[in-house]
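Structure record follows, encoded as structure tokens.
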Amino acid sequence: MSGLSIENLSMRFDLPNGTSVQALKDVSLDIAEGEIMSVLGPSGCGKTTLLNIVAGFLAPTEGQVVLNGHRVTGPDAERGMVFQQGALFEWMDVRSNVSFGPRMAGKSEAQWGQNVDHLLDVVGLRDFKEKAVFELSGGMQQRVALARCLANEPDVILMDEPLGALDALTREKMQSLVLKLWKETGKTIILITHSVEEALLLGERLLVMAPRPGRIHKEYHLPFADLGVNADLREVKKHPEFAERREEILGMIWDMEEEIMGRAEATS
Amino acid sequence: MIVFVLYAAIFVASFFIVKFVVQTASTDYTSLKTVTFGDESAVTPNRIASVISVLTIFLLWGAFTGSSMVPGFLHAPGPFKGDATFTYTAEAEGVDPDDATVTVRVFEVGTEVDVPVVEPGDGWALNDADTVGAWRSGLIRVDKNDAFGRSEGHKIVAVNGQPIAPGQSVQTEFGRIGMSPKGTLNFEPAKGWQMEPIWLPPPEAVISRLGEIASDGYRDSTLWEHLGYSLFRVIVGFFFGALVGIPLGYAMGLSNWFRGWFDPIVEFMRPVPPLALIPLVIIWAGIGETGKIILLFLAALWIMAIAARAGVSGVNITKVHAAYSLGASKFQIMRHVIVPNSLPEIFTGARVAMGVCWGTVVAAELVAAEKGAGMMIMVASKFQLTDIVIMGIILIGIIGFGIDILMRIAEKRLVPWKGRS
């Protein structure tokens, strides 16, 4: 069986003061190969925990993650990760960063050179490949991170707010790039974001999570990612359904946030 | 005291002079900032001030040692040299008091002088002559050539007409004249404000001594051997300290067991100054090379271990996660992520360790050594060879500074990503 399935995932952290936090409760999900899914939710809904479990950095207290028919027990090259920032290796130039995965796998430059140079072209960093990564802007650094992840040819790409630290203009360009790469490579992508617009634009499937305990609140299947592959994202945003969905989801998250605040006030 | 006042005066005066004379016409970004007080980045060292500061030190040094490198009119008043004269009035039993003149030739210590020739004069008290070295003092037995000696009740009652008694003194234009408990005059020529060479030699004496020791050596070893031995000990001690300390620090940063096992040892040894270990190391290993290298090894070991541990704990966890997600093995993560990421910390530690080692080696050589910079100045100080002591201190400072500069250059070359993540 191919594809990623998340089965009855629960995660409970015990705190030093004796209480415990239910970060995730009974989350089940199947993601088809080549699907792009965005995950939204108020802070504390467990979306980063979910991603860390899928990546293999955390072991769930209950349930399991199955990829391509085998259980996930730790990090692996089949699941690539793009972090918000700070994950590049400053002591390597751009090209060495991008070729890190294949090099660690013991491949020769003859095997990875062409693909790495192609990816650098795709992300528009052809002229920067000899540069040190700390000389690049934030947007360029995230493009390096994307290319590095793709160069390793993972089955699933996990993105933890990859565009969160970028300015609005750069962010829009990067959103187009993510869609382009998704269509070109056909990878399965799970993307966590705080931005409702980004989730709508990049999510073929959109998951809204609710906090305490972290669970799936609502799921959408959306046409915008497919539209955005070939069109200007600003045009996609003018789609009448786009505004409607955005208001609906924003309202939903606002209600959850208010509920959290209310609960906090009631207990204090 | 007068030196500090002069120093402060030069500091203030040069500030105003430079401020009014030098117009900085630059319009770079910093000079256009209006808020500079409190903005550390707007404070850059004024290089004119640095030059004046160094020159001032040499000027004061030269002025107060009568250096030939400083023009004469800038010299502080020197000690009196030449022929000093004063008169004394003596009494003896059965005769009237009589006056006589004393001529004292004050000479520079180290030169040969003759006792001045004087007329005996009239009366029963005869004129005297003697010599005293500058900055020294001398007892003058003026009664020896007088007609009535101490057995006849010879007693000096006044100098230059001012009364004097045992324990008292009279100030003259040539210096101070005191009287010992037994009634002998003690002449102390005026010292001026200059320092005597045995306290502080002039700069040219230090320079010529440097040339002399550089070519002839000191205590059976050339200058380069002394300095080379000190450097050799530092480098070997530091090398072994780093060789053991860095892997130890990595192990402490990567394993619970190592962290738990070595934490008490490292945390205990870190605050122990290496100088406190000198006696124990001498007892165990003697005063030879082994003892010195063990001491420096211990001085560098804990610093390097702590730096390497801090380097490992400073690794951003997302880098490690990213490397695992890209399929790296534990060994590859060590080699390609943890080690390069900890290099900036290790370099900082190495700079500190080299500084501590340099200080420790000099101190250890002061205690006991056959060769070395510290031994050189310690032995010289026992013979009052202040010029060698000062030369040694300056050379030790220059070498310490040079080590730090070299480490900084190496750091820039080898870890250009320091502070850039």
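Simple scheme: letters A, B, ... for chains in structure tokens order, numbers from 1 for residues in each chain, numbers from 1 for ligands in the order shown.
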Using only C-alpha atoms, I'd like a table of the residues in chain A that come within 7 Å of chain B; for each, show the closest atom pair and its distance in Å rounded to one decimal, ordered by chain and ascending number, as a tab-separated table.
```
residue	atom	partner	partner_atom	distance
A:Pro75	CA	B:Ser325	CA	5.3
A:Asp76	CA	B:Ser325	CA	5.1
A:Ala77	CA	B:Gly327	CA	4.3
A:Arg79	CA	B:Ser325	CA	6.3
A:Gly80	CA	B:Ser325	CA	5.4
A:Met81	CA	B:Ser325	CA	6.3
A:Gly86	CA	B:Ser421	CA	6.8
A:Ala87	CA	B:Lys319	CA	4.4
A:Leu88	CA	B:Lys319	CA	6.6
A:Glu90	CA	B:Trp417	CA	5.9
A:Trp91	CA	B:Trp417	CA	6.2
A:Gly101	CA	B:Leu326	CA	4.8
A:Met104	CA	B:Ala328	CA	5.6
A:Ala105	CA	B:Gly327	CA	7.0
A:Phe134	CA	B:Arg420	CA	6.1
A:Asn152	CA	B:Leu326	CA	6.5
```
Would you mind exporting the chosen residues as a short mmCIF file (atom, residue, chain, number, x, y, z; two decimals), in the first residue's frame, restricted to N, CA and C atoms?
```
data_model
loop_
_atom_site.label_atom_id
_atom_site.label_comp_id
_atom_site.auth_asym_id
_atom_site.auth_seq_id
_atom_site.Cartn_x
_atom_site.Cartn_y
_atom_site.Cartn_z
N PRO A 75 13.17 9.40 12.33
CA PRO A 75 13.35 10.20 11.12
C PRO A 75 14.01 9.37 10.02
N ASP A 76 13.67 9.70 8.80
CA ASP A 76 14.21 8.92 7.68
C ASP A 76 14.18 9.79 6.42
N ALA A 77 15.04 9.42 5.48
CA ALA A 77 15.15 10.20 4.24
C ALA A 77 13.87 10.15 3.42
N ARG A 79 10.99 10.83 4.45
CA ARG A 79 10.14 11.95 4.87
C ARG A 79 11.02 13.18 5.05
N GLY A 80 10.96 14.06 4.06
CA GLY A 80 11.77 15.28 4.11
C GLY A 80 11.06 16.35 4.90
N MET A 81 11.85 17.26 5.47
CA MET A 81 11.24 18.29 6.31
C MET A 81 11.79 19.66 5.92
N GLY A 86 16.53 28.51 10.17
CA GLY A 86 17.64 28.07 11.02
C GLY A 86 18.05 26.64 10.82
N ALA A 87 17.59 25.99 9.76
CA ALA A 87 17.95 24.58 9.58
C ALA A 87 19.03 24.38 8.53
N LEU A 88 19.48 25.47 7.90
CA LEU A 88 20.56 25.32 6.90
C LEU A 88 21.89 25.20 7.61
N GLU A 90 25.39 26.53 7.95
CA GLU A 90 26.12 27.75 7.58
C GLU A 90 27.53 27.46 7.09
N TRP A 91 28.07 26.30 7.47
CA TRP A 91 29.46 26.01 7.11
C TRP A 91 29.58 25.41 5.71
N GLY A 101 21.78 15.60 1.29
CA GLY A 101 21.14 14.28 1.38
C GLY A 101 21.83 13.25 0.51
N MET A 104 25.24 12.34 1.82
CA MET A 104 25.23 11.48 3.00
C MET A 104 24.88 10.05 2.63
N ALA A 105 24.13 9.91 1.56
CA ALA A 105 23.77 8.55 1.12
C ALA A 105 24.93 7.90 0.39
N PHE A 134 24.72 32.17 4.79
CA PHE A 134 24.40 33.33 5.63
C PHE A 134 24.48 34.64 4.87
N ASN A 152 16.84 15.33 -2.07
CA ASN A 152 16.96 14.04 -1.40
C ASN A 152 15.86 13.07 -1.85
#
```
Might you pull out every residue within 12 Å of segment 143-145 of chain B, with only C-alpha atoms counted and same-chain residues fewer than 6 positions away left off, and present them as a list in words? Tyr88, Thr89, Ala90, Glu91, Ala92, Asp98, Asp99, Ala100, Thr101, Val102, Pro120, Gly121, Gly123, Trp124, Ala125, Leu126, Asn127, Asp128, Ala129, Ser151, Glu152, Gly153, His154, Lys155, Ile156, Gly183, Thr184 and Leu185 of chain B
Keeping C-alpha atoms for every residue in the selection just given, could you write it to a file as a short mmCIF file (atom, residue, chain, number, x, y, z; two decimals), in the first residue's frame?
```
data_model
loop_
_atom_site.label_atom_id
_atom_site.label_comp_id
_atom_site.auth_asym_id
_atom_site.auth_seq_id
_atom_site.Cartn_x
_atom_site.Cartn_y
_atom_site.Cartn_z
CA TYR B 88 78.76 73.65 60.23
CA THR B 89 79.34 75.14 63.60
CA ALA B 90 81.15 73.00 66.17
CA GLU B 91 81.69 73.33 69.88
CA ALA B 92 84.35 71.76 72.07
CA ASP B 98 84.11 77.60 65.28
CA ASP B 99 82.74 77.35 61.71
CA ALA B 100 84.05 75.22 58.84
CA THR B 101 82.90 74.48 55.30
CA VAL B 102 82.18 71.01 53.91
CA PRO B 120 91.95 73.84 55.50
CA GLY B 121 90.72 77.33 56.48
CA GLY B 123 90.17 78.30 63.34
CA TRP B 124 90.30 74.97 65.16
CA ALA B 125 87.53 73.43 62.99
CA LEU B 126 88.99 72.67 59.55
CA ASN B 127 87.20 72.49 56.18
CA ASP B 128 86.24 69.01 54.96
CA ALA B 129 85.73 67.32 51.62
CA SER B 151 87.08 62.96 73.20
CA GLU B 152 87.41 66.69 73.75
CA GLY B 153 83.65 67.15 73.52
CA HIS B 154 83.46 68.00 69.79
CA LYS B 155 79.82 68.59 69.00
CA ILE B 156 78.10 70.03 65.94
CA GLY B 183 76.12 63.18 66.27
CA THR B 184 77.55 62.39 62.84
CA LEU B 185 76.30 64.42 59.86
#
```
Just how far from atom CA of Ile253 of chain A is atom CA of Leu179 of chain A, in Å to one decimal?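 That distance, rounded to one decimal, is 24.9 Å.
The set of residues in segment 222-251 of chain A assigned to helix (DSSP H, G or I) by DSSP, using only backbone atoms of this structure, is Phe224, Ala225, Asp226, Leu227, Gly228, Val229, Asn230, Leu233, Arg234, Glu235, Val236, Lys237, Pro240, Glu241, Phe242, Ala243, Glu244, Arg245, Arg246, Glu247, Glu248, Ile249, Leu250 and Gly251 of chain A.
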Exercise: Ala165 of chain A partners within 9 Å, only C-alpha atoms, chain neighbours under 5 positions left out, as a ChimeraX atom specification: /A:84-85,138-139,171
Nearest-residue call for Ala225 of chain A, choices A:Val156, A:Leu40, A:Leu146, A:Leu201, using only C-alpha atoms: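 When distances to Ala225 of chain A are compared using only C-alpha atoms, the smallest one comes from A:Leu201.
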Measure the distance from atom CA of Phe401 of chain B to atom CA of Pro45 of chain B in Å and round it to one decimal.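 Answer for the atom CA of Phe401 of chain B to atom CA of Pro45 of chain B separation: 18.0 Å.
Between atom CA of Asp232 of chain A and atom CA of Cys149 of chain A there is a distance of 25.1 Å.
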Which is closer to Ile207 of chain B than all the others in B:Asp28, B:Asp387, B:Glu411, B:Asp263, using only C-alpha atoms?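 When distances to Ile207 of chain B are compared using only C-alpha atoms, the smallest one comes from B:Asp387.
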Given only C-alpha atoms as the counted atoms, nearest of B:Phe37, B:Tyr7, B:Phe383, B:Phe187 to Ala134 of chain B: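 Answer, going by the shortest atom-to-atom distance: B:Phe187.
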Quick one: everything within 6 Å of Ala23 of chain A, counting only C-alpha atoms, minus sequence neighbours fewer than 6 positions away in the same chain. Send it as a list of chain:residue names.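 After dropping sequence-adjacent residues, the list is A:Met11, A:Arg12, A:Gly46, A:Pro213, A:Gly214.
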